[in-house]
>>> print(open('query-v3.cif').read())   # mmCIF, C-alpha atoms
data_structure
loop_
_atom_site.label_atom_id
_atom_site.label_comp_id
_atom_site.auth_asym_id
_atom_site.auth_seq_id
_atom_site.Cartn_x
_atom_site.Cartn_y
_atom_site.Cartn_z
CA MET L 1 42.15 -10.27 -87.89
CA THR L 2 45.42 -9.81 -86.15
CA ASN L 3 48.62 -11.34 -87.25
CA ILE L 4 50.26 -13.61 -84.77
CA SER L 5 53.78 -14.89 -84.81
CA ASP L 6 54.64 -18.52 -85.36
CA ARG L 7 55.65 -18.84 -81.77
CA GLN L 8 52.30 -17.53 -80.53
CA LEU L 9 50.54 -19.85 -82.92
CA ILE L 10 52.43 -22.87 -81.66
CA LYS L 11 51.77 -21.88 -78.08
CA GLU L 12 48.08 -21.47 -78.81
CA ILE L 13 47.93 -24.88 -80.48
CA ARG L 14 49.81 -26.48 -77.63
CA ASP L 15 47.43 -24.92 -75.10
CA ARG L 16 44.41 -26.12 -76.97
CA LEU L 17 45.82 -29.60 -77.27
CA ALA L 18 46.49 -29.62 -73.55
CA ASP L 19 42.93 -28.46 -72.91
CA ARG L 20 41.63 -31.13 -75.18
CA SER L 21 43.52 -33.90 -73.51
CA LYS L 22 42.37 -32.58 -70.16
CA PHE L 23 38.76 -32.83 -71.30
CA GLU L 24 39.42 -36.24 -72.74
CA ARG L 25 40.73 -37.41 -69.40
CA GLU L 26 37.67 -35.97 -67.73
CA ILE L 27 35.35 -37.72 -70.18
CA ASN L 28 37.25 -40.94 -69.66
CA SER L 29 36.92 -40.78 -65.92
CA LEU L 30 33.23 -39.90 -66.21
CA SER L 31 32.53 -42.78 -68.54
CA LEU L 32 34.42 -45.11 -66.20
CA GLU L 33 32.23 -43.86 -63.40
CA LEU L 34 29.16 -44.44 -65.53
CA GLN L 35 30.27 -47.97 -66.33
CA GLU L 36 30.81 -48.61 -62.64
CA VAL L 37 27.31 -47.35 -61.82
CA THR L 38 25.74 -49.43 -64.59
CA LYS L 39 27.60 -52.49 -63.36
CA ARG L 40 26.34 -51.89 -59.84
CA TYR L 41 22.76 -51.48 -60.97
CA LYS L 42 22.98 -54.71 -62.96
CA GLU L 43 24.44 -56.50 -59.95
CA SER L 44 21.77 -55.07 -57.75
CA GLU L 45 19.08 -56.16 -60.19
CA SER L 46 20.34 -59.73 -60.26
CA LEU L 47 20.64 -59.76 -56.47
CA LYS L 48 17.07 -58.62 -56.31
CA SER L 49 15.83 -61.48 -58.43
CA HIS L 50 17.88 -63.92 -56.32
CA PHE L 51 16.24 -62.33 -53.34
CA ILE L 52 12.78 -62.93 -54.71
CA SER L 53 13.46 -66.60 -55.26
CA ASN L 54 15.06 -66.86 -51.80
CA ILE L 55 12.16 -65.14 -50.21
CA SER L 56 9.55 -67.35 -51.77
CA ASN L 57 11.42 -70.38 -50.43
CA GLU L 58 11.69 -68.63 -47.12
CA ILE L 59 7.93 -68.25 -46.90
CA VAL L 60 6.66 -71.25 -48.79
CA ASN L 61 8.83 -73.89 -47.11
CA PRO L 62 7.88 -73.11 -43.52
CA PHE L 63 4.23 -72.97 -44.49
CA THR L 64 4.44 -76.33 -46.18
CA SER L 65 6.01 -77.86 -43.06
CA ILE L 66 3.50 -76.21 -40.75
CA LEU L 67 0.57 -77.45 -42.83
CA GLY L 68 2.00 -80.95 -43.14
CA LEU L 69 2.86 -81.25 -39.47
CA SER L 70 -0.46 -79.96 -38.19
CA LYS L 71 -2.26 -82.35 -40.49
CA ALA L 72 -0.14 -85.17 -39.10
CA ILE L 73 -1.00 -84.14 -35.55
CA LEU L 74 -4.69 -84.29 -36.35
CA SER L 75 -4.37 -87.91 -37.30
CA VAL L 76 -2.17 -89.00 -34.39
CA GLU L 77 -3.48 -91.73 -32.09
CA LYS L 78 -4.77 -90.31 -28.81
CA ASN L 79 -2.20 -91.94 -26.56
CA ASP L 80 0.78 -91.05 -28.75
CA TRP L 81 1.40 -87.62 -27.21
CA LYS L 82 5.19 -87.80 -27.45
CA LYS L 83 4.95 -87.66 -31.20
CA VAL L 84 2.69 -84.64 -30.92
CA VAL L 85 5.13 -82.76 -28.72
CA SER L 86 7.98 -83.21 -31.15
CA MET L 87 5.81 -82.14 -34.06
CA VAL L 88 4.56 -79.10 -32.19
CA ALA L 89 8.18 -78.17 -31.48
CA LEU L 90 8.89 -78.35 -35.20
CA ILE L 91 5.84 -76.26 -36.01
CA HIS L 92 6.96 -73.72 -33.46
CA SER L 93 10.44 -73.44 -34.90
CA GLU L 94 9.14 -73.07 -38.46
CA ALA L 95 6.58 -70.46 -37.42
CA PHE L 96 9.19 -68.63 -35.36
CA ASN L 97 11.48 -68.41 -38.34
CA LEU L 98 8.69 -67.31 -40.63
CA ASP L 99 7.62 -64.60 -38.23
CA PHE L 100 11.18 -63.36 -37.86
CA GLN L 101 11.80 -63.23 -41.60
CA LEU L 102 8.51 -61.51 -42.33
CA LYS L 103 9.24 -58.85 -39.70
CA ASN L 104 12.56 -58.20 -41.39
CA ILE L 105 11.00 -57.89 -44.82
CA PHE L 106 8.32 -55.48 -43.64
CA VAL L 107 10.83 -53.33 -41.83
CA ALA L 108 13.06 -53.27 -44.93
CA ALA L 109 10.07 -52.11 -46.98
CA LYS L 110 9.31 -49.40 -44.42
CA ILE L 111 12.90 -48.21 -44.42
CA GLU L 112 12.91 -48.03 -48.19
CA ALA L 113 9.64 -46.09 -48.13
CA GLY L 114 11.15 -43.56 -45.71
CA GLU L 115 8.69 -44.29 -42.93
CA VAL L 116 10.96 -45.44 -40.14
CA VAL L 117 11.27 -42.94 -37.29
CA PRO L 118 12.68 -43.32 -33.80
CA ASN L 119 10.09 -44.12 -31.18
CA ILE L 120 11.79 -43.27 -27.94
CA ALA L 121 10.87 -44.47 -24.47
CA LYS L 122 12.64 -45.56 -21.31
CA VAL L 123 13.60 -49.14 -22.02
CA ASN L 124 14.46 -51.84 -19.54
CA ILE L 125 17.40 -53.17 -21.51
CA ARG L 126 17.91 -56.31 -19.45
CA ASN L 127 14.29 -57.36 -19.95
CA VAL L 128 14.33 -56.65 -23.66
CA ILE L 129 17.46 -58.67 -24.28
CA GLN L 130 16.38 -61.51 -22.00
CA THR L 131 13.12 -61.72 -23.97
CA ILE L 132 15.06 -61.99 -27.23
CA ILE L 133 17.30 -64.69 -25.81
CA ASP L 134 14.27 -66.59 -24.55
CA SER L 135 12.65 -66.44 -27.96
CA PHE L 136 15.73 -68.05 -29.48
CA SER L 137 16.11 -70.65 -26.72
CA LEU L 138 14.42 -73.45 -28.63
CA VAL L 139 16.50 -72.82 -31.73
CA ALA L 140 19.65 -72.71 -29.62
CA ARG L 141 18.74 -75.90 -27.74
CA LYS L 142 18.17 -77.72 -31.01
CA MET L 143 21.74 -76.89 -32.02
CA ALA L 144 23.12 -77.45 -28.51
CA ILE L 145 24.38 -73.89 -28.31
CA GLU L 146 24.49 -72.16 -24.99
CA ILE L 147 23.53 -68.46 -25.00
CA VAL L 148 25.43 -66.67 -22.25
CA PHE L 149 24.11 -63.29 -21.16
CA ASN L 150 26.48 -60.93 -19.34
CA PHE L 151 24.74 -57.85 -18.12
CA ASP L 152 27.58 -55.74 -16.77
CA ILE L 153 25.70 -52.73 -15.54
CA GLU L 154 25.69 -51.87 -11.86
CA TYR L 155 22.58 -49.94 -11.15
CA GLY L 156 21.71 -49.88 -7.51
CA PHE L 157 20.59 -52.95 -5.62
CA GLY L 158 17.37 -54.42 -6.90
CA LYS L 159 16.81 -51.55 -9.28
CA ASN L 160 16.26 -51.83 -12.98
CA PHE L 161 18.45 -50.14 -15.51
CA TYR L 162 16.57 -47.98 -17.98
CA PHE L 163 17.98 -46.48 -21.15
CA LYS L 164 16.18 -44.03 -23.45
CA THR L 165 15.97 -45.64 -26.85
CA ASP L 166 13.61 -47.40 -29.26
CA SER L 167 12.90 -50.87 -27.92
CA GLU L 168 11.37 -52.28 -31.10
CA LYS L 169 14.42 -51.34 -33.14
CA ILE L 170 16.80 -52.69 -30.51
CA LYS L 171 14.82 -55.93 -30.52
CA LEU L 172 15.06 -56.37 -34.26
CA ILE L 173 18.75 -55.47 -34.40
CA VAL L 174 19.76 -57.79 -31.56
CA SER L 175 17.51 -60.57 -32.90
CA ASN L 176 19.25 -60.35 -36.24
CA MET L 177 22.66 -60.41 -34.57
CA LEU L 178 21.70 -63.40 -32.46
CA ASN L 179 20.12 -65.18 -35.41
CA ASN L 180 23.32 -64.75 -37.41
CA ALA L 181 25.49 -65.82 -34.48
CA LEU L 182 23.48 -69.03 -34.13
CA LYS L 183 23.37 -69.60 -37.87
CA TYR L 184 27.13 -69.46 -38.26
CA SER L 185 27.99 -71.36 -35.06
CA TYR L 186 29.08 -74.97 -34.81
CA LYS L 187 27.08 -77.44 -32.76
CA ASP L 188 27.89 -77.63 -29.05
CA SER L 189 29.30 -74.15 -28.73
CA LYS L 190 28.50 -70.83 -27.14
CA VAL L 191 27.15 -67.44 -28.10
CA ILE L 192 27.98 -64.68 -25.64
CA LEU L 193 25.97 -61.46 -25.31
CA THR L 194 27.60 -58.74 -23.27
CA VAL L 195 25.88 -55.48 -22.40
CA THR L 196 27.78 -52.55 -20.93
CA VAL L 197 27.11 -48.87 -20.61
CA ASP L 198 29.62 -46.03 -20.77
CA GLU L 199 28.29 -42.55 -20.01
CA ASP L 200 25.36 -42.32 -22.41
CA PHE L 201 26.48 -45.07 -24.76
CA LEU L 202 25.03 -48.54 -24.62
CA THR L 203 27.29 -51.27 -25.95
CA ILE L 204 25.99 -54.68 -26.90
CA ALA L 205 28.49 -57.28 -28.08
CA ILE L 206 27.45 -60.57 -29.64
CA GLN L 207 30.22 -63.12 -29.86
CA ASP L 208 30.15 -66.50 -31.52
CA PHE L 209 32.77 -69.20 -32.07
CA GLY L 210 31.60 -70.21 -35.49
CA THR L 211 32.92 -69.99 -39.01
CA GLY L 212 34.14 -66.40 -38.81
CA ILE L 213 34.30 -63.97 -41.67
CA SER L 214 37.33 -63.29 -43.83
CA GLU L 215 38.54 -59.71 -44.04
CA LYS L 216 37.37 -59.42 -47.61
CA ASN L 217 33.89 -60.60 -46.74
CA GLN L 218 33.63 -58.30 -43.73
CA LYS L 219 33.36 -55.45 -46.18
CA ILE L 220 30.49 -56.85 -48.18
CA ILE L 221 28.22 -58.45 -45.60
CA PHE L 222 26.35 -55.21 -44.99
CA GLU L 223 25.27 -54.94 -48.60
CA ARG L 224 21.66 -55.74 -49.09
CA PHE L 225 20.73 -59.24 -50.22
CA LYS L 226 24.37 -60.39 -49.87
CA ARG L 227 24.80 -63.71 -48.16
CA LEU L 228 27.86 -65.76 -47.50
CA ASP L 229 27.24 -69.35 -48.37
CA SER L 230 29.04 -70.79 -45.40
CA GLY L 231 26.17 -71.06 -42.94
CA ILE L 232 26.69 -74.43 -41.33
CA ASN L 233 23.32 -74.94 -39.76
CA SER L 234 21.52 -72.95 -42.32
CA LEU L 235 21.11 -74.99 -45.47
CA ASN L 236 21.27 -71.61 -47.12
CA ARG L 237 18.52 -70.00 -45.17
CA GLY L 238 18.01 -66.28 -45.00
CA HIS L 239 17.54 -63.49 -47.43
CA GLY L 240 20.60 -61.37 -46.79
CA LEU L 241 18.64 -58.45 -45.45
CA GLY L 242 19.36 -58.82 -41.74
CA LEU L 243 22.57 -56.83 -41.57
CA SER L 244 21.44 -54.10 -43.99
CA ILE L 245 18.32 -53.65 -41.89
CA SER L 246 20.31 -53.58 -38.67
CA LYS L 247 22.63 -50.97 -40.10
CA ALA L 248 19.76 -48.79 -41.31
CA LEU L 249 18.00 -49.06 -37.95
CA LEU L 250 21.23 -48.18 -36.13
CA ASP L 251 21.40 -45.14 -38.38
CA VAL L 252 18.00 -44.05 -37.11
CA LEU L 253 19.20 -44.43 -33.53
CA GLY L 254 22.49 -42.67 -34.28
CA GLY L 255 24.40 -45.84 -33.42
CA SER L 256 27.12 -47.82 -35.11
CA ILE L 257 28.33 -51.39 -35.56
CA GLU L 258 31.78 -52.96 -35.55
CA ILE L 259 32.95 -56.39 -36.62
CA ASP L 260 35.86 -58.26 -35.22
CA SER L 261 36.25 -61.62 -36.84
CA ARG L 262 38.80 -64.16 -37.86
CA LYS L 263 38.11 -66.93 -40.31
CA GLY L 264 37.63 -70.18 -38.44
CA GLU L 265 37.62 -68.62 -34.99
CA GLY L 266 34.31 -66.83 -34.81
CA SER L 267 33.01 -63.29 -34.89
CA THR L 268 32.09 -60.51 -32.53
CA PHE L 269 29.60 -57.88 -33.60
CA THR L 270 29.58 -54.85 -31.34
CA LEU L 271 26.76 -52.33 -31.32
CA HIS L 272 27.17 -48.81 -29.95
CA ILE L 273 23.97 -46.94 -29.28
CA PRO L 274 23.78 -43.42 -27.85
CA GLU L 275 21.06 -42.57 -25.36
CA ALA L 276 18.27 -40.63 -27.09
CA LYS L 277 17.68 -37.04 -26.12
CA ASN L 278 14.33 -36.01 -24.75
CA VAL L 279 13.67 -33.32 -27.29
CA VAL L 280 14.80 -32.97 -30.83
CA GLU L 281 17.48 -30.35 -30.95
CA GLY L 282 16.22 -26.95 -31.97
CA PHE L 283 12.56 -27.61 -31.23
CA SER L 284 10.80 -27.35 -27.94
CA GLY L 285 9.08 -30.69 -28.40
CA GLU L 286 5.64 -29.33 -27.55
CA GLY L 287 5.18 -27.77 -30.93
CA ASN L 288 4.72 -24.25 -29.56
CA ASP L 289 7.12 -23.00 -32.13
CA ILE L 290 4.83 -23.00 -35.13
CA PHE L 291 5.30 -19.27 -35.19
CA PHE L 292 8.86 -18.27 -35.44
CA ASP L 293 9.98 -14.97 -34.03
CA GLY L 294 10.31 -11.92 -36.22
CA ASP L 295 13.52 -12.91 -37.98
CA ASP L 296 12.24 -15.84 -39.99
CA GLU L 297 12.06 -15.73 -43.71
CA ILE L 298 9.10 -16.89 -45.72
CA PHE L 299 9.50 -18.74 -48.99
CA MET O 1 -3.73 -21.93 -36.92
CA ASP O 2 -4.94 -24.67 -34.66
CA GLN O 3 -6.23 -26.68 -37.56
CA TYR O 4 -2.72 -27.70 -38.57
CA LEU O 5 -1.65 -31.21 -37.78
CA GLN O 6 2.01 -31.52 -36.98
CA HIS O 7 4.69 -33.78 -38.27
CA PHE O 8 8.33 -33.85 -37.39
CA LEU O 9 10.35 -35.01 -40.35
CA TYR O 10 13.31 -37.20 -39.44
CA PRO O 11 16.35 -37.61 -41.69
CA SER O 12 16.00 -40.37 -44.31
CA THR O 13 12.23 -40.16 -44.25
CA LEU O 14 9.67 -38.44 -46.38
CA PHE O 15 6.19 -37.09 -45.89
CA ALA O 16 3.33 -36.04 -48.14
CA SER O 17 -0.29 -35.27 -47.42
CA LYS O 18 -3.50 -33.77 -48.75
CA ASP O 19 -4.39 -32.57 -45.26
CA SER O 20 -3.17 -29.38 -43.67
CA TYR O 21 0.05 -30.30 -41.98
CA VAL O 22 2.91 -28.25 -40.73
CA VAL O 23 6.05 -30.27 -41.21
CA LYS O 24 9.11 -29.29 -39.21
CA THR O 25 12.62 -30.33 -39.84
CA ILE O 26 16.18 -29.37 -39.10
CA LEU O 27 18.85 -29.34 -41.76
CA GLY O 28 22.62 -29.22 -41.65
CA SER O 29 24.35 -30.64 -44.67
CA CYS O 30 21.14 -32.54 -45.39
CA VAL O 31 18.80 -31.22 -48.03
CA ALA O 32 15.01 -31.06 -47.93
CA ILE O 33 12.98 -30.65 -51.08
CA CYS O 34 9.44 -29.36 -50.66
CA LEU O 35 7.16 -30.26 -53.52
CA TRP O 36 3.83 -28.56 -53.84
CA ASP O 37 0.91 -28.94 -56.19
CA PRO O 38 -0.96 -25.60 -56.09
CA VAL O 39 -3.96 -27.02 -57.92
CA ALA O 40 -4.63 -30.10 -55.81
CA LYS O 41 -3.16 -28.40 -52.67
CA ILE O 42 -0.94 -31.36 -51.92
CA GLY O 43 2.43 -30.88 -50.29
CA GLY O 44 5.31 -33.26 -49.76
CA ILE O 45 8.80 -33.05 -48.35
CA ASN O 46 11.87 -35.26 -48.08
CA HIS O 47 15.04 -35.01 -46.02
CA TYR O 48 18.09 -36.75 -47.38
CA MET O 49 21.57 -37.03 -45.97
CA LEU O 50 23.72 -38.11 -48.90
CA PRO O 51 23.54 -37.37 -52.62
CA ASN O 52 23.57 -40.74 -54.34
CA TRP O 53 22.67 -44.27 -53.45
CA ASN O 54 25.76 -46.49 -53.35
CA GLY O 55 23.88 -49.56 -54.54
CA ASN O 56 24.73 -51.48 -51.35
CA ASP O 57 22.54 -50.26 -48.53
CA LEU O 58 18.79 -50.51 -48.56
CA ALA O 59 17.47 -48.18 -51.23
CA SER O 60 16.10 -45.72 -48.69
CA PRO O 61 15.39 -41.99 -48.96
CA LYS O 62 18.60 -41.37 -47.05
CA TYR O 63 19.98 -40.84 -50.53
CA GLY O 64 19.01 -37.86 -52.66
CA ASN O 65 18.40 -39.62 -55.94
CA ILE O 66 16.07 -42.10 -54.25
CA ALA O 67 14.39 -39.54 -51.99
CA ILE O 68 13.50 -37.36 -54.97
CA GLU O 69 12.06 -40.21 -57.05
CA LYS O 70 10.07 -41.52 -54.08
CA LEU O 71 8.68 -38.13 -53.14
CA ILE O 72 7.45 -37.50 -56.68
CA GLU O 73 5.94 -40.98 -56.73
CA ARG O 74 4.16 -40.32 -53.43
CA MET O 75 2.80 -36.98 -54.70
CA LEU O 76 1.42 -38.59 -57.82
CA GLN O 77 -0.15 -41.37 -55.76
CA LEU O 78 -1.96 -38.76 -53.71
CA GLY O 79 -3.40 -37.31 -56.90
CA SER O 80 -0.97 -34.58 -57.88
CA ARG O 81 -0.40 -33.89 -61.52
CA TYR O 82 3.18 -34.00 -62.63
CA GLU O 83 3.01 -30.75 -64.59
CA ASN O 84 1.69 -28.83 -61.56
CA LEU O 85 4.55 -29.72 -59.26
CA GLN O 86 6.86 -26.99 -58.09
CA ALA O 87 9.86 -27.32 -55.82
CA LYS O 88 11.62 -25.42 -53.06
CA ILE O 89 15.05 -26.52 -51.91
CA PHE O 90 16.60 -25.97 -48.48
CA GLY O 91 19.72 -27.00 -46.63
CA GLY O 92 23.05 -28.28 -47.84
CA GLY O 93 25.11 -26.06 -45.57
CA ASP O 94 28.63 -26.98 -44.67
CA LEU O 95 28.85 -26.98 -40.93
CA ILE O 96 31.92 -29.05 -40.34
CA ALA O 97 34.47 -27.02 -42.20
CA VAL O 98 37.37 -28.87 -40.60
CA ASP O 99 36.54 -32.12 -42.29
CA ARG O 100 37.05 -31.59 -45.99
CA SER O 101 35.12 -34.64 -47.13
CA ALA O 102 32.11 -33.69 -45.02
CA MET O 103 32.37 -30.20 -46.38
CA LEU O 104 31.48 -31.39 -49.84
CA ILE O 105 28.37 -33.30 -48.83
CA GLY O 106 26.13 -30.27 -48.53
CA GLU O 107 27.20 -29.01 -51.90
CA ARG O 108 26.79 -32.40 -53.55
CA ASN O 109 23.36 -32.76 -51.97
CA ILE O 110 22.27 -29.47 -53.49
CA ARG O 111 23.71 -30.38 -56.88
CA VAL O 112 21.74 -33.64 -57.00
CA ALA O 113 18.53 -31.74 -56.21
CA ARG O 114 19.08 -29.16 -58.93
CA MET O 115 20.16 -31.70 -61.52
CA MET O 116 17.31 -34.11 -60.94
CA LEU O 117 14.64 -31.44 -60.76
CA GLU O 118 15.90 -29.89 -63.96
CA GLU O 119 15.94 -33.25 -65.68
CA LYS O 120 12.40 -33.88 -64.49
CA LYS O 121 11.31 -30.39 -65.54
CA ILE O 122 10.04 -29.46 -62.11
CA PRO O 123 10.56 -25.72 -61.59
CA ILE O 124 12.46 -24.57 -58.51
CA VAL O 125 10.45 -21.60 -57.31
CA ALA O 126 12.47 -20.81 -54.19
CA SER O 127 15.57 -21.98 -52.40
CA SER O 128 17.90 -21.29 -49.55
CA THR O 129 20.94 -23.49 -49.77
CA GLY O 130 24.59 -23.65 -48.84
CA GLY O 131 26.26 -21.37 -46.35
CA LYS O 132 27.79 -22.24 -43.02
CA LYS O 133 24.71 -22.49 -40.85
CA GLY O 134 22.05 -25.05 -40.10
CA ARG O 135 18.43 -24.37 -40.87
CA LYS O 136 15.13 -24.96 -39.21
CA ILE O 137 12.16 -25.03 -41.55
CA LEU O 138 8.41 -25.29 -41.32
CA PHE O 139 6.54 -26.44 -44.40
CA PHE O 140 2.79 -25.91 -44.70
CA THR O 141 1.43 -28.65 -46.94
CA ASN O 142 -1.79 -26.88 -47.89
CA THR O 143 -0.24 -23.56 -48.94
CA GLY O 144 3.25 -24.65 -49.94
CA GLU O 145 4.63 -21.92 -47.71
CA VAL O 146 7.97 -22.49 -46.04
CA ARG O 147 9.17 -20.57 -42.99
CA HIS O 148 12.85 -20.68 -42.61
CA LYS O 149 15.36 -19.69 -40.01
CA PHE O 150 19.08 -20.12 -39.58
CA ILE O 151 20.37 -21.81 -36.47
CA ASP O 152 23.85 -21.94 -35.04
CA LYS O 153 23.64 -25.35 -33.48
CA GLN O 154 25.51 -28.23 -34.98
CA VAL O 155 23.18 -30.62 -36.70
CA ARG O 156 23.72 -33.40 -39.14
#
>>> encode(input="query-v3.cif", output="C-alpha cells")
Amino acid sequence: MTNISDRQLIKEIRDRLADRSKFEREINSLSLELQEVTKRYKESESLKSHFISNISNEIVNPFTSILGLSKAILSVEKNDWKKVVSMVALIHSEAFNLDFQLKNIFVAAKIEAGEVVPNIAKVNIRNVIQTIIDSFSLVARKMAIEIVFNFDIEYGFGKNFYFKTDSEKIKLIVSNMLNNALKYSYKDSKVILTVTVDEDFLTIAIQDFGTGISEKNQKIIFERFKRLDSGINSLNRGHGLGLSISKALLDVLGGSIEIDSRKGEGSTFTLHIPEAKNVVEGFSGEGNDIFFDGDDEIF
Amino acid sequence: MDQYLQHFLYPSTLFASKDSYVVKTILGSCVAICLWDPVAKIGGINHYMLPNWNGNDLASPKYGNIAIEKLIERMLQLGSRYENLQAKIFGGGDLIAVDRSAMLIGERNIRVARMMLEEKKIPIVASSTGGKKGRKILFFTNTGEVRHKFIDKQVR
C-alpha cells in the first residue's frame, strides 16, 4: 500500500463523487426514457383496444344495415320502385364503406407482417384517379360536395400520361386522402384534387374547405389508431388507420406527405411520389447475378 | 444452381422459407439479420431501417425490435426450434457521413441486433457490419450461406 497525501486523497474522493453523480445522471435519464417507453406502450395498448371496439362497429353496423335494407326490398310492393332505388343506394354506400375499411385493415396487417412490396408498372395516372373519384361520387353527392379534378400535365395531344409506380398503392393512398377530405368537409362545399408532375416527381394535392387541423393535431394524426373527434359528417366513423397506412405505403414508394392546414379553413394534403426505377439499384433485375465475381466473401 | 427460387427482399419486409431460395438484398445503414436452423434447414431474413419502433407508426418490420421478434416468430411457425437458431448480421454502414444524425442510425441498428439476439440467446455465428460502404448480400435459405460484397453506390 502506498501512502498518499491528504490532498491526493481529497482529489480522489472528489473525482469518485463526480463519477458517481455522472452515473446517477445517466441512470436518471435512462429510467426517464424507460418510463416514457412504458407510457407509450400503455397508450398504444389502450388505443388498440379502442381500435378493436371501433372496428367491430365499423363492420357490424354496415352489415346490419345491408341485411335490414335488403330484407325490406324483398318485401316491397312491385310498383313501389322508387323506394327500392333509395334503399339500394343506401346498401351501396354501406357496402362501399365496408369494402374500403376492410381493404385498409388488410393492408395494415400486411404492412405489419412485412409483406408489402412495390409492384411497379406503367400507370395511367389520370385514369386511376378518375376511377377513385367516381367511386366516391355517390358519397360526395349525398353530402353535396363537388369533387374538382385538375390534371395539370401536358402530355402531347390525345396521348395518355403514364408514370411508373404502384397503382394499387396509389389507389389506396388517394382513396384515404379523399375519404378524409370528404369526412371533414362541410355540406355544400368542394374538394379539389390537383395532379402535377415535375421531372420524375408526381405531386397529388387534395384540398378541402372543412374543419381544418390545429397545429398541435397535425403532429399526431399520423399515429396509428389516432382519430380527431371533429368529423362533421362522420358520426365518429373510421378506425384511425388511414393516415398511418398511407404514410407506410408512401414509404414503400419512396414518397412523402405534407400537410397545410388551418383550423376552420380546411386542409391540403400534398403527396410527392418519385417515379420508380426500372431495376433495383445494384442488381441487374434478371437475376443473373446469383454468382458474384471473385471478390465476394462467404459467410 | 437452377433449383433456387429467387426473392428480392425490400426494406421493411421479411422473408422465411423451408424451400431453397436465394434472397437478395441491398443494405446501407439498414441491417439484415439472417436466421438459420441447420437441423430443419429453414432460413429467414429481415431488413430493417431504424432501430426501435416509436410506438406511433404501424408496428411494421421497418423497425429492428419488431423485425427481429417477427422473424423469430415466422421461423418458429415454419417449424424451427428455438434452440437451433443461429444468426448472421449484415449492414449498418454509415454512408452519409455529412449528416450526423443519419450517421448514428447504422450503428444503432447494429446495436439493437446484438442486444436482442444476446437477450434471446441466439448465437451470432458471423457478421459484417459498420464501415462506410453499402453491401449487397445473397442468402441461401437451405444452407444458411451468405455471399457478401461491398458496393460503392449510395443506398438507404
>>> closest_atom_pairs(input="query-v3.cif", of="chain L", to="chain O", cutoff="7 Å", atoms="all atoms listed in the file", output="Markdown table")
| residue | atom | partner | partner_atom | distance |
| --- | --- | --- | --- | --- |
| L:Arg40 | CA | O:Gly55 | CA | 6.3 |
| L:Tyr41 | CA | O:Gly55 | CA | 6.8 |
| L:Ser44 | CA | O:Gly55 | CA | 6.7 |
| L:Ile111 | CA | O:Ser60 | CA | 5.9 |
| L:Glu112 | CA | O:Ser60 | CA | 4.0 |
| L:Ala113 | CA | O:Ser60 | CA | 6.5 |
| L:Gly114 | CA | O:Thr13 | CA | 3.9 |
| L:Glu115 | CA | O:Thr13 | CA | 5.6 |
| L:Val116 | CA | O:Thr13 | CA | 6.8 |
| L:Val117 | CA | O:Tyr10 | CA | 6.5 |
| L:Glu223 | CA | O:Asn56 | CA | 4.5 |
| L:Arg224 | CA | O:Asp57 | CA | 5.6 |
| L:Ser244 | CA | O:Asp57 | CA | 6.0 |
| L:Asp296 | CA | O:Lys149 | CA | 5.0 |
| L:Glu297 | CA | O:His148 | CA | 5.1 |
| L:Ile298 | CA | O:Arg147 | CA | 4.6 |
| L:Phe299 | CA | O:Val146 | CA | 5.0 |
>>> resolve_selection(input="query-v3.cif", expression="the PyMOL selection byres ((chain O and resi 107) around 10)", output="number ranges by chain")
O: 29-31, 51, 91-94, 102-106, 108-112, 129-131
>>> atom_distance(input="query-v3.cif", atom1="CA of Leu253 in chain L", atom2="CA of Phe149 in chain L")
23.1 Å
>>> atom_distance(input="query-v3.cif", atom1="CA of Ile245 in chain L", atom2="CA of Ala108 in chain L")
6.1 Å
>>> decode(input="query-v3.cif", residues="range 71-82 of chain O", atoms="N, CA and C atoms", output="short mmCIF file (atom, residue, chain, number, x, y, z; two decimals), in the first residue's frame")
data_model
loop_
_atom_site.label_atom_id
_atom_site.label_comp_id
_atom_site.auth_asym_id
_atom_site.auth_seq_id
_atom_site.Cartn_x
_atom_site.Cartn_y
_atom_site.Cartn_z
N LEU O 71 -39.42 -12.05 -37.17
CA LEU O 71 -38.67 -13.06 -37.92
C LEU O 71 -38.57 -14.35 -37.11
N ILE O 72 -38.29 -14.21 -35.82
CA ILE O 72 -38.20 -15.40 -34.97
C ILE O 72 -39.55 -16.13 -34.97
N GLU O 73 -40.61 -15.33 -34.81
CA GLU O 73 -41.97 -15.89 -34.81
C GLU O 73 -42.22 -16.68 -36.10
N ARG O 74 -41.85 -16.08 -37.23
CA ARG O 74 -42.07 -16.71 -38.52
C ARG O 74 -41.29 -18.03 -38.63
N MET O 75 -40.04 -18.01 -38.12
CA MET O 75 -39.21 -19.21 -38.17
C MET O 75 -39.84 -20.34 -37.35
N LEU O 76 -40.35 -19.97 -36.19
CA LEU O 76 -40.95 -20.99 -35.33
C LEU O 76 -42.22 -21.54 -35.96
N GLN O 77 -42.99 -20.63 -36.60
CA GLN O 77 -44.19 -21.08 -37.30
C GLN O 77 -43.88 -22.10 -38.37
N LEU O 78 -42.74 -21.91 -39.04
CA LEU O 78 -42.37 -22.83 -40.12
C LEU O 78 -41.81 -24.14 -39.57
N GLY O 79 -41.64 -24.21 -38.26
CA GLY O 79 -41.21 -25.47 -37.68
C GLY O 79 -39.78 -25.49 -37.15
N SER O 80 -39.16 -24.30 -37.08
CA SER O 80 -37.83 -24.25 -36.50
C SER O 80 -37.92 -24.45 -34.99
N ARG O 81 -36.83 -24.94 -34.44
CA ARG O 81 -36.76 -24.99 -32.98
C ARG O 81 -35.90 -23.85 -32.50
N TYR O 82 -36.39 -23.20 -31.47
CA TYR O 82 -35.74 -22.01 -30.95
C TYR O 82 -34.26 -22.24 -30.69
#
